[in-house]
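Okay, input-v7.txt is below, compact mmCIF, C-alpha atoms:
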```txt
# COMPACT_ATOMS: atom_id res chain seq x y z
CA MET A 1 27.78 59.77 13.14
CA GLN A 2 25.25 57.49 14.82
CA HIS A 3 22.43 59.82 13.85
CA THR A 4 23.12 59.83 10.10
CA ASN A 5 23.58 56.07 10.13
CA THR A 6 20.12 55.45 11.56
CA GLN A 7 18.73 57.97 9.10
CA ASP A 8 20.38 56.05 6.25
CA THR A 9 18.88 52.84 7.53
CA PHE A 10 15.42 54.33 7.59
CA VAL A 11 15.77 55.80 4.10
CA GLY A 12 17.01 52.42 2.89
CA LEU A 13 14.06 50.68 4.54
CA PHE A 14 11.64 53.20 3.05
CA VAL A 15 12.98 52.80 -0.49
CA ALA A 16 13.04 49.01 -0.14
CA ALA A 17 9.44 49.01 1.14
CA GLY A 18 8.36 51.22 -1.76
CA ILE A 19 10.01 48.95 -4.30
CA VAL A 20 8.47 45.89 -2.65
CA GLY A 21 5.11 47.66 -2.93
CA LEU A 22 5.65 48.25 -6.65
CA PHE A 23 6.65 44.63 -7.19
CA PHE A 24 3.63 43.49 -5.22
CA LEU A 25 1.38 45.53 -7.49
CA ALA A 26 3.12 44.26 -10.62
CA LEU A 27 3.23 40.57 -9.75
CA GLN A 28 0.43 39.88 -7.31
CA VAL A 29 -2.21 42.35 -8.42
CA SER A 30 -1.84 42.62 -12.19
CA ASN A 31 -1.77 40.07 -14.96
CA LEU A 32 1.93 40.57 -15.65
CA SER A 33 2.93 37.22 -14.22
CA SER A 34 0.11 35.14 -15.70
CA PHE A 35 1.23 34.42 -19.24
CA THR A 36 4.41 36.19 -20.09
CA ALA A 37 6.62 33.62 -18.39
CA HIS A 38 5.46 30.67 -20.49
CA ASP A 39 6.08 29.76 -24.09
CA THR A 40 2.96 29.62 -26.18
CA TYR A 41 1.91 28.36 -29.60
CA THR A 42 -0.74 29.94 -31.78
CA VAL A 43 -3.70 28.33 -33.50
CA THR A 44 -6.42 30.04 -35.53
CA ALA A 45 -10.13 29.54 -35.22
CA ARG A 46 -12.78 31.05 -37.48
CA PHE A 47 -16.11 31.95 -35.97
CA GLU A 48 -19.29 33.06 -37.67
CA ASN A 49 -19.68 35.45 -34.77
CA SER A 50 -17.21 35.89 -31.94
CA GLY A 51 -19.60 38.02 -29.87
CA GLY A 52 -18.04 40.02 -27.06
CA LEU A 53 -14.71 38.20 -27.21
CA LYS A 54 -11.72 40.48 -26.62
CA VAL A 55 -7.96 40.25 -26.93
CA LYS A 56 -6.68 38.68 -23.68
CA SER A 57 -9.93 36.82 -23.09
CA PRO A 58 -9.15 33.43 -21.55
CA VAL A 59 -8.98 30.19 -23.51
CA SER A 60 -9.92 27.23 -21.40
CA SER A 61 -10.49 23.54 -21.75
CA ALA A 62 -12.49 21.49 -19.27
CA GLY A 63 -12.74 24.65 -17.17
CA VAL A 64 -9.00 25.20 -16.81
CA LYS A 65 -7.33 28.25 -18.33
CA ILE A 66 -4.75 27.09 -20.88
CA GLY A 67 -4.16 30.26 -22.90
CA GLN A 68 -5.56 33.53 -24.11
CA VAL A 69 -6.88 35.24 -27.21
CA SER A 70 -4.01 37.11 -28.88
CA ALA A 71 -5.74 38.72 -31.86
CA ILE A 72 -9.19 39.10 -33.40
CA SER A 73 -9.74 40.27 -36.95
CA PHE A 74 -12.48 40.27 -39.57
CA ASP A 75 -12.03 38.39 -42.82
CA PRO A 76 -13.71 40.51 -45.53
CA LYS A 77 -13.91 37.57 -47.99
CA THR A 78 -15.65 34.95 -45.88
CA TYR A 79 -17.29 37.44 -43.47
CA GLU A 80 -15.94 35.50 -40.53
CA SER A 81 -14.19 36.50 -37.38
CA VAL A 82 -10.60 35.20 -37.28
CA VAL A 83 -9.48 34.58 -33.71
CA LYS A 84 -5.87 33.74 -32.86
CA LEU A 85 -5.46 31.68 -29.70
CA SER A 86 -2.17 31.57 -27.80
CA ILE A 87 -2.02 28.30 -25.92
CA ASP A 88 0.55 27.35 -23.33
CA LYS A 89 3.27 25.05 -24.76
CA GLN A 90 2.77 22.51 -22.01
CA TYR A 91 -0.69 21.70 -23.43
CA ASN A 92 0.55 20.63 -26.88
CA THR A 93 -1.46 17.45 -27.09
CA LEU A 94 -4.79 18.90 -28.23
CA PRO A 95 -6.23 16.80 -31.10
CA ASP A 96 -6.62 18.59 -34.43
CA ASP A 97 -10.38 17.99 -34.49
CA THR A 98 -10.86 20.01 -31.32
CA THR A 99 -14.03 22.10 -31.19
CA ALA A 100 -13.77 25.78 -30.23
CA SER A 101 -16.82 27.55 -28.85
CA VAL A 102 -17.39 31.01 -27.44
CA PHE A 103 -19.02 30.72 -24.04
CA THR A 104 -19.99 33.18 -21.36
CA ALA A 105 -18.76 32.76 -17.81
CA GLY A 106 -21.89 33.13 -15.69
CA LEU A 107 -25.00 34.93 -16.89
CA LEU A 108 -23.39 38.34 -17.35
CA GLY A 109 -19.73 37.38 -17.09
CA GLU A 110 -16.99 37.83 -19.63
CA GLN A 111 -16.76 35.66 -22.73
CA TYR A 112 -14.10 33.04 -23.24
CA VAL A 113 -13.11 30.40 -25.76
CA ASN A 114 -13.74 26.83 -24.71
CA LEU A 115 -11.87 24.00 -26.41
CA ASP A 116 -13.46 20.53 -26.44
CA ALA A 117 -10.92 17.89 -27.32
CA GLY A 118 -11.85 15.57 -30.20
CA GLY A 119 -10.73 12.02 -30.88
CA SER A 120 -8.09 12.48 -33.56
CA GLU A 121 -4.61 11.00 -33.25
CA GLU A 122 -3.01 14.09 -34.78
CA TYR A 123 -2.19 17.04 -32.53
CA LEU A 124 -2.66 20.75 -33.18
CA LYS A 125 0.63 22.44 -34.10
CA ASP A 126 1.83 26.04 -34.05
CA GLY A 127 -0.01 27.91 -36.81
CA GLY A 128 -2.66 25.19 -37.01
CA LYS A 129 -6.36 25.70 -37.60
CA ILE A 130 -9.41 24.68 -35.64
CA ASP A 131 -12.08 23.70 -38.15
CA VAL A 132 -15.10 23.02 -35.96
CA THR A 133 -16.35 26.15 -34.20
CA ASN A 134 -19.51 27.24 -32.44
CA SER A 135 -20.36 30.92 -32.44
CA ALA A 136 -21.21 33.02 -29.45
CA ILE A 137 -24.82 33.03 -28.41
CA ILE A 138 -26.04 36.58 -28.81
CA LEU A 139 -28.65 37.24 -26.18
CA GLU A 140 -30.58 39.77 -28.26
CA LYS A 141 -30.75 37.40 -31.22
CA ALA A 142 -31.99 34.54 -29.07
CA LEU A 143 -34.57 36.77 -27.38
CA GLY A 144 -35.71 38.10 -30.76
CA GLN A 145 -36.20 34.59 -32.13
CA PHE A 146 -38.06 33.55 -29.02
CA LEU A 147 -40.43 36.54 -29.17
CA PHE A 148 -40.98 36.05 -32.91
CA LYS A 149 -41.78 32.41 -32.37
CA SER A 150 -44.21 32.98 -29.52
CA ALA A 151 -45.98 35.67 -31.59
CA GLU A 152 -46.38 33.20 -34.46
CA GLU A 153 -47.85 30.57 -32.20
CA LYS A 154 -50.53 32.98 -31.01
CA LYS A 155 -51.90 33.52 -34.53
CA MET B 1 -16.54 100.60 -11.97
CA ILE B 2 -13.08 101.80 -12.95
CA GLU B 3 -11.80 100.58 -9.60
CA LEU B 4 -13.25 97.14 -10.20
CA LEU B 5 -11.54 96.95 -13.58
CA GLN B 6 -8.30 98.14 -12.04
CA HIS B 7 -8.59 95.50 -9.38
CA LEU B 8 -9.20 92.80 -11.97
CA GLY B 9 -6.30 94.00 -14.08
CA LYS B 10 -3.98 94.02 -11.10
CA ASN B 11 -4.99 90.53 -10.06
CA THR B 12 -4.44 89.20 -13.57
CA ARG B 13 -1.06 90.84 -13.76
CA THR B 14 0.14 89.53 -10.38
CA GLY B 15 -1.23 86.11 -11.27
CA PHE B 16 0.76 86.00 -14.49
CA THR B 17 3.95 87.30 -12.92
CA LYS B 18 3.62 84.62 -10.26
CA ILE B 19 3.27 81.92 -12.91
CA GLY B 20 6.32 83.40 -14.65
CA ARG B 21 8.38 83.41 -11.46
CA GLY B 22 7.22 79.88 -10.71
CA THR B 23 8.29 78.62 -14.13
CA PHE B 24 11.65 80.33 -13.84
CA PHE B 25 12.06 78.85 -10.36
CA LEU B 26 11.23 75.39 -11.72
CA LEU B 27 13.82 75.75 -14.48
CA GLN B 28 16.48 76.78 -11.94
CA THR B 29 15.52 73.90 -9.66
CA THR B 30 15.62 71.25 -12.35
CA SER B 31 18.93 72.50 -13.69
CA GLY B 32 20.24 72.35 -10.10
CA ILE B 33 19.39 68.64 -9.86
CA LEU B 34 22.59 67.69 -11.69
CA SER B 35 24.69 69.22 -8.92
CA VAL B 36 22.77 67.19 -6.30
CA LEU B 37 23.89 63.89 -7.81
CA PRO B 38 27.55 64.12 -6.70
CA ARG B 39 26.31 64.86 -3.15
CA PRO B 40 23.84 62.08 -2.32
CA ARG B 41 24.01 62.97 1.38
CA LEU B 42 21.82 66.04 0.73
CA LEU B 43 19.26 63.91 -1.08
CA LEU B 44 19.29 61.20 1.60
CA ASN B 45 18.58 63.70 4.38
CA GLN B 46 15.61 65.04 2.44
CA MET B 47 14.35 61.56 1.53
CA TYR B 48 14.29 60.98 5.28
CA SER B 49 12.25 64.05 6.16
CA VAL B 50 9.97 63.90 3.11
CA GLY B 51 9.59 60.16 2.57
CA VAL B 52 10.33 58.25 5.74
CA LEU B 53 8.42 60.61 8.01
CA SER B 54 5.37 60.37 5.70
CA PHE B 55 5.58 56.59 5.68
CA LEU B 56 3.38 55.98 8.70
CA ILE B 57 0.51 58.29 7.77
CA ILE B 58 0.48 56.92 4.22
CA THR B 59 0.42 53.24 5.18
CA ILE B 60 -2.17 53.69 7.92
CA SER B 61 -4.45 55.75 5.67
CA GLY B 62 -3.95 53.20 2.89
CA LEU B 63 -4.96 50.37 5.18
CA PHE B 64 -8.13 52.13 6.29
CA VAL B 65 -9.07 53.28 2.79
CA GLY B 66 -8.67 49.71 1.56
CA MET B 67 -10.75 48.36 4.43
CA VAL B 68 -13.54 50.87 3.78
CA LEU B 69 -13.48 50.00 0.06
CA GLY B 70 -13.74 46.34 1.03
CA LEU B 71 -16.80 46.97 3.21
CA GLN B 72 -18.63 49.34 0.87
CA GLY B 73 -17.77 47.31 -2.20
CA TYR B 74 -19.02 44.15 -0.55
CA TYR B 75 -22.38 45.69 0.38
CA ILE B 76 -22.96 46.95 -3.14
CA LEU B 77 -21.58 43.93 -5.01
CA SER B 78 -23.47 41.42 -2.86
CA ASP B 79 -26.72 43.00 -4.12
CA PHE B 80 -25.78 41.69 -7.54
CA GLY B 81 -24.31 38.45 -6.29
CA ALA B 82 -20.89 39.50 -7.55
CA GLU B 83 -18.86 39.45 -4.34
CA GLU B 84 -15.97 37.67 -6.06
CA THR B 85 -15.22 40.78 -8.08
CA LEU B 86 -14.51 42.67 -4.85
CA GLY B 87 -10.78 42.29 -5.46
CA VAL B 88 -11.05 43.89 -8.89
CA MET B 89 -13.05 46.79 -7.53
CA VAL B 90 -10.69 47.45 -4.61
CA ALA B 91 -7.54 47.07 -6.71
CA ALA B 92 -8.76 49.09 -9.68
CA SER B 93 -9.98 52.00 -7.60
CA LEU B 94 -6.80 52.03 -5.51
CA VAL B 95 -4.27 51.60 -8.30
CA ARG B 96 -5.96 53.93 -10.77
CA GLU B 97 -7.32 56.73 -8.60
CA LEU B 98 -7.22 56.61 -4.84
CA GLY B 99 -3.61 55.51 -4.51
CA PRO B 100 -2.02 58.39 -6.41
CA VAL B 101 -4.61 61.03 -5.49
CA VAL B 102 -5.04 60.43 -1.75
CA THR B 103 -1.31 59.88 -1.33
CA ALA B 104 -0.63 63.17 -3.09
CA LEU B 105 -3.18 65.02 -0.94
CA LEU B 106 -1.71 63.56 2.25
CA PHE B 107 1.78 64.22 0.94
CA ALA B 108 0.91 67.87 0.31
CA GLY B 109 -0.48 68.17 3.82
CA ARG B 110 2.27 66.27 5.57
CA ALA B 111 5.45 67.03 3.61
CA GLY B 112 4.50 69.95 1.34
CA SER B 113 3.44 72.26 4.16
CA ALA B 114 6.58 71.39 6.12
CA LEU B 115 8.75 72.21 3.11
CA THR B 116 7.04 75.57 2.60
CA ALA B 117 7.35 76.50 6.26
CA GLU B 118 11.00 75.46 6.32
CA ILE B 119 12.00 77.40 3.21
CA GLY B 120 9.84 80.37 4.17
CA LEU B 121 11.44 80.54 7.59
CA MET B 122 14.89 80.25 6.05
CA LYS B 123 14.02 83.22 3.90
CA ALA B 124 12.54 85.20 6.79
CA THR B 125 15.62 84.64 8.95
CA GLU B 126 17.82 85.54 5.97
CA GLN B 127 19.56 82.18 5.85
CA LEU B 128 19.07 82.06 2.08
CA SER B 129 20.64 85.51 1.66
CA GLY B 130 23.44 84.41 3.98
CA MET B 131 24.18 81.48 1.69
CA GLU B 132 24.26 83.73 -1.32
CA MET B 133 26.74 85.95 0.52
CA MET B 134 28.98 82.92 0.93
CA ALA B 135 28.64 82.16 -2.80
CA VAL B 136 26.56 79.06 -2.12
CA ASP B 137 23.64 78.82 -4.49
CA PRO B 138 20.59 78.23 -2.22
CA ILE B 139 18.68 76.73 -5.14
CA LYS B 140 21.30 74.04 -5.66
CA ARG B 141 22.03 73.51 -1.97
CA ILE B 142 18.51 73.73 -0.48
CA ILE B 143 15.79 73.59 -3.11
CA SER B 144 16.91 70.98 -5.68
CA PRO B 145 17.57 68.16 -3.18
CA ARG B 146 14.14 68.69 -1.64
CA PHE B 147 12.51 68.75 -5.05
CA LEU B 148 14.21 65.54 -6.13
CA ALA B 149 13.34 63.86 -2.83
CA GLY B 150 9.66 64.76 -3.20
CA PHE B 151 9.59 63.65 -6.83
CA LEU B 152 11.16 60.28 -5.99
CA SER B 153 9.23 59.62 -2.78
CA MET B 154 5.75 60.09 -4.22
CA PRO B 155 5.60 56.99 -6.48
CA LEU B 156 7.04 54.86 -3.69
CA LEU B 157 4.50 56.18 -1.20
CA ALA B 158 1.64 55.76 -3.69
CA ALA B 159 2.67 52.17 -4.42
CA LEU B 160 2.79 51.45 -0.70
CA PHE B 161 -0.61 53.05 -0.24
CA SER B 162 -2.17 50.88 -2.97
CA ALA B 163 -0.44 47.70 -1.82
CA VAL B 164 -1.44 48.16 1.82
CA GLY B 165 -4.96 49.14 0.74
CA ILE B 166 -5.39 45.99 -1.34
CA ILE B 167 -4.24 43.89 1.60
CA GLY B 168 -6.65 45.83 3.85
CA GLY B 169 -9.48 45.14 1.42
CA GLN B 170 -8.58 41.47 1.43
CA MET B 171 -8.51 41.40 5.24
CA VAL B 172 -12.02 42.84 5.46
CA GLY B 173 -13.37 41.08 2.38
CA SER B 174 -12.24 37.54 2.96
CA GLY B 175 -11.40 37.73 6.66
CA LEU B 176 -14.54 39.43 7.90
CA LEU B 177 -17.19 39.11 5.21
CA GLY B 178 -16.38 35.73 3.72
CA VAL B 179 -15.39 36.48 0.13
CA ASP B 180 -13.32 33.60 -1.18
CA GLU B 181 -9.65 34.53 -0.90
CA GLY B 182 -8.65 32.75 -4.09
CA ALA B 183 -11.39 34.50 -6.05
CA TYR B 184 -10.32 37.85 -4.60
CA TRP B 185 -6.78 37.48 -5.97
CA SER B 186 -7.48 35.60 -9.19
CA GLN B 187 -10.25 37.96 -10.34
CA MET B 188 -7.90 40.83 -9.56
CA GLN B 189 -5.07 39.32 -11.56
CA ALA B 190 -7.36 38.57 -14.48
CA ASN B 191 -8.72 42.09 -14.71
CA ILE B 192 -5.94 44.46 -13.65
CA ASP B 193 -3.63 45.14 -16.55
CA PHE B 194 0.01 45.94 -15.85
CA GLN B 195 0.35 48.49 -18.63
CA ASP B 196 -3.05 50.15 -18.38
CA ASP B 197 -3.49 50.24 -14.64
CA ILE B 198 -0.23 49.92 -12.74
CA VAL B 199 2.03 51.90 -15.07
CA ASN B 200 -0.55 54.65 -15.51
CA GLY B 201 -0.96 54.85 -11.74
CA VAL B 202 2.79 55.25 -11.32
CA ILE B 203 2.86 57.96 -14.01
CA LYS B 204 0.08 59.77 -12.17
CA SER B 205 1.95 59.65 -8.88
CA LEU B 206 5.12 60.95 -10.55
CA VAL B 207 3.18 63.89 -11.98
CA PHE B 208 1.60 64.61 -8.59
CA GLY B 209 4.95 64.35 -6.83
CA PHE B 210 6.41 66.81 -9.32
CA ILE B 211 3.59 69.32 -8.98
CA THR B 212 3.29 69.14 -5.17
CA SER B 213 7.03 69.53 -4.58
CA TRP B 214 7.15 72.39 -7.05
CA ILE B 215 4.24 74.25 -5.45
CA ALA B 216 5.50 73.66 -1.90
CA LEU B 217 9.05 74.82 -2.62
CA PHE B 218 8.00 77.77 -4.75
CA GLU B 219 5.48 79.04 -2.19
CA GLY B 220 8.18 78.86 0.47
CA TYR B 221 10.76 80.55 -1.71
CA ASP B 222 8.27 83.20 -2.81
CA ALA B 223 6.79 83.84 0.65
CA ILE B 224 6.71 87.32 2.15
CA PRO B 225 9.47 87.01 4.75
CA THR B 226 7.35 87.64 7.83
CA SER B 227 5.69 85.19 10.18
CA GLU B 228 2.30 86.04 8.66
CA GLY B 229 3.69 85.66 5.14
CA VAL B 230 5.05 82.20 5.94
CA SER B 231 1.76 81.09 7.46
CA ARG B 232 -0.14 82.29 4.38
CA ALA B 233 2.34 80.57 2.08
CA THR B 234 1.84 77.29 3.97
CA THR B 235 -1.93 77.56 3.55
CA ARG B 236 -1.54 78.35 -0.13
CA THR B 237 0.66 75.30 -0.59
CA VAL B 238 -2.01 72.95 0.71
CA VAL B 239 -4.87 74.67 -1.15
CA ASN B 240 -3.06 75.02 -4.47
CA SER B 241 -1.66 71.51 -4.32
CA ALA B 242 -5.12 70.07 -3.69
CA PHE B 243 -6.56 72.03 -6.62
CA SER B 244 -3.82 71.06 -9.02
CA ILE B 245 -3.82 67.40 -7.95
CA LEU B 246 -7.55 67.00 -8.43
CA GLY B 247 -7.64 69.01 -11.64
CA LEU B 248 -4.68 67.20 -13.15
CA ASP B 249 -6.14 63.88 -12.06
CA PHE B 250 -9.20 64.52 -14.19
CA ILE B 251 -7.07 65.46 -17.20
CA LEU B 252 -4.73 62.49 -16.78
CA THR B 253 -7.63 60.08 -16.31
CA ALA B 254 -9.29 61.38 -19.46
CA LEU B 255 -6.05 60.94 -21.39
CA MET B 256 -5.12 57.52 -19.99
CA PHE B 257 -8.37 55.65 -19.66
CA GLY B 258 -10.39 57.43 -22.32
CA ASP B 259 -10.06 55.03 -25.21
CA ASP B 260 -11.36 51.83 -23.69
```
Is it possible to give me this structure as structure tokens?
Amino acid sequence: MQHTNTQDTFVGLFVAAGIVGLFFLALQVSNLSSFTAHDTYTVTARFENSGGLKVKSPVSSAGVKIGQVSAISFDPKTYESVVKLSIDKQYNTLPDDTTASVFTAGLLGEQYVNLDAGGSEEYLKDGGKIDVTNSAIILEKALGQFLFKSAEEKK
Amino acid sequence: MIELLQHLGKNTRTGFTKIGRGTFFLLQTTSGILSVLPRPRLLLNQMYSVGVLSFLIITISGLFVGMVLGLQGYYILSDFGAEETLGVMVAASLVRELGPVVTALLFAGRAGSALTAEIGLMKATEQLSGMEMMAVDPIKRIISPRFLAGFLSMPLLAALFSAVGIIGGQMVGSGLLGVDEGAYWSQMQANIDFQDDIVNGVIKSLVFGFITSWIALFEGYDAIPTSEGVSRATTRTVVNSAFSILGLDFILTALMFGDD
């Protein structure tokens, strides 16, 4: 039965290699491992305009990713964009006067939420609110204003 | 004119009867799968000839496809100064499209044609009829284990293809061309979604494994039992599999990735 035994070994190796391949894709290639393992807490920020921000966009502070956007909705009463930020539990010492701004990574890169820590002694808690926000800079708007202004100056 | 119409009518009729026989064959095969489970030895033998023997061609092709993607992607992306997104490009194209599709095409050529020839030859040498004489159902004993083996091997092979390809892309990208290795992986992880990309890729490879095994086994089972008939059936397996894989790939892509 030597022959069947080696065959079994090869089939076993093949299946194991295939499963390793699948795990490699799941853990090393995709975002499965990045934030599901940690506990997070949620804070809400209201923006006049959240631009091209998407669910799962990164939330970073001082350039380090500390969480991600978990939901974006429109408030029909205040005409604001309500953005829920899931932040990793280990960063629970953000002051409650933190400023949230929508920035763009690089000239054409994806948009992310940047948190600038304030000076308050109180920390943001789960379900807390960020009061000071800066909207996304919309390139078309800025260009439009610039062109309008330069046309006025020519008159 | 009448002859032309007759010809067309005949072709349509034979086409439909073939589809009917194929569907009936598929139903028999899938209902025979249950009787494979108590005899895993049959399945293991087929996993060996379908999966293990395709292992080498799949991994080597995957490596080269990934390396070519790394090179081409680098040349194009460096025009825009976006070399760091090389990892995303290589991984997305492999996991979403090239992994399942190229694996399925290679699988049809490597394993599908062998299955057709094997079954066709069994039919031509009346081994299948011999089994029936001994009250052994050839569908349960011969066809179902091969079908199950093909169906199970395809996602494993496709995953291997993608994984090896991504490593190949990394070897060329950061080993040869100087893309930052950390950026290669981190950009990939940030942009490849488990649900949208990996799971959909696996679903694709399951569908392709199903369709290729079905076509290969049916063409063999349905072959005219002569040496010419078997050779034609083998050709048809490869051609029909390629058509159905590419056609289904378009439909599946439209369904899976359409809404974002």
* To do: Write out as an MDAnalysis selection string each polymer residue whose atoms come within 9 Å of region 1-17 of chain A, counting all atoms listed in the file; drop sequence neighbours fewer than 2 positions from it.
  => (chainID A and resid 19:22) or (chainID B and resid 44:45 47:48 51:52 55 153 156:157 160)
Spatial neighbours of Ser174 (chain B), max dist 12 Å, only C-alpha atoms, sep filter under 5 positions, as a short mmCIF file (atom, residue, chain, number, x, y, z; two decimals) with C-alpha atoms, in the coordinates of the input:
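Produced file part05.cif, reproduced below:
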```
data_model
loop_
_atom_site.label_atom_id
_atom_site.label_comp_id
_atom_site.auth_asym_id
_atom_site.auth_seq_id
_atom_site.Cartn_x
_atom_site.Cartn_y
_atom_site.Cartn_z
CA MET B 67 -10.75 48.36 4.43
CA GLY B 70 -13.74 46.34 1.03
CA LEU B 71 -16.80 46.97 3.21
CA TYR B 74 -19.02 44.15 -0.55
CA GLU B 83 -18.86 39.45 -4.34
CA GLU B 84 -15.97 37.67 -6.06
CA THR B 85 -15.22 40.78 -8.08
CA LEU B 86 -14.51 42.67 -4.85
CA GLY B 87 -10.78 42.29 -5.46
CA ILE B 166 -5.39 45.99 -1.34
CA ILE B 167 -4.24 43.89 1.60
CA GLY B 168 -6.65 45.83 3.85
CA GLY B 169 -9.48 45.14 1.42
CA VAL B 179 -15.39 36.48 0.13
CA ASP B 180 -13.32 33.60 -1.18
CA GLU B 181 -9.65 34.53 -0.90
CA GLY B 182 -8.65 32.75 -4.09
CA ALA B 183 -11.39 34.50 -6.05
CA TYR B 184 -10.32 37.85 -4.60
CA TRP B 185 -6.78 37.48 -5.97
#
```
* Looking at B:Leu43, B:Ile139, B:Met131, B:Ala190, which one is nearest to chain A, with distances taken over all atoms listed in the file? ->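 Once distances to chain A are computed over all atoms listed in the file, the minimum belongs to B:Ala190.
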* Structure fact -> One decimal place gives the CA of Ile142 (chain B)-CA of Trp214 (chain B) separation as 13.2 Å
* Asked: When distances are computed from all atoms listed in the file, which of B:Ser35, B:Asn191, B:Thr116, B:Ser244 shows the smallest separation from chain A?
  ->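 Closest to chain A, using all atoms listed in the file: B:Asn191.
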* Selected residue of minimal separation from chain A among B:Met134, B:Leu152, B:Ile119, B:Leu63, counting only C-alpha atoms ->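 Of B:Met134, B:Leu152, B:Ile119, B:Leu63, the one nearest chain A is B:Leu152, counting only C-alpha atoms.
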* **CA of Ala159 (chain B) to CA of Val95 (chain B), straight-line distance in Å** =>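 Computing the Euclidean distance for CA of Val95 (chain B) and CA of Ala159 (chain B) yields 8.0 Å.
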* Asked: What's the 12 Å shell around Val207 (chain B), counting only C-alpha atoms, without same-chain residues fewer than 6 positions away, as a ChimeraX atom specification?
  -> /B:100-101,104,150-155,158,200-201,213-214,241,244-249,251-252
* Asked: Can you tell me how far CA of Lys140 (chain B) sits from CA of Arg110 (chain B), in Å to one decimal?
  ->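 Computing it gives 23.4 Å between the two atoms.
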* Give me the residues within 12 Å of region 89-100 of chain A as number ranges by chain, counting only C-alpha atoms and dropping any in the same chain fewer than 2 places off. => A: 35, 37-48, 50, 59-62, 64-67, 83-87, 102-103, 112-136
* Asked: Which of these residues is nearest to chain A, using only C-alpha atoms: B:Leu27, B:Val164, B:Ala254, B:Ile192?
  ->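 Checking each of B:Leu27, B:Val164, B:Ala254, B:Ile192 against chain A, counting only C-alpha atoms, the winner is B:Ile192.
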* Counting only C-alpha atoms, the option among A:Gln111, A:Asn49, A:Gln68, A:Ser57 closest to Val82 (chain A) ->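 Of all the options, A:Asn49 lies closest to Val82 (chain A).
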* Counting all atoms listed in the file, the residue of B:Ala114, B:Ile198, B:Leu128, B:Leu105 that sits nearest chain A ->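 With all atoms listed in the file as the atom set, the closest residue is B:Ile198.
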* **Residue neighbourhood Asp197 (chain B), 12 Å, only C-alpha atoms, exclusion window fewer than 2 positions, as a ChimeraX atom specification** => /A:25-26,29-32 /B:88,91-97,99-100,162,188-189,191-195,199-204,253,256-257
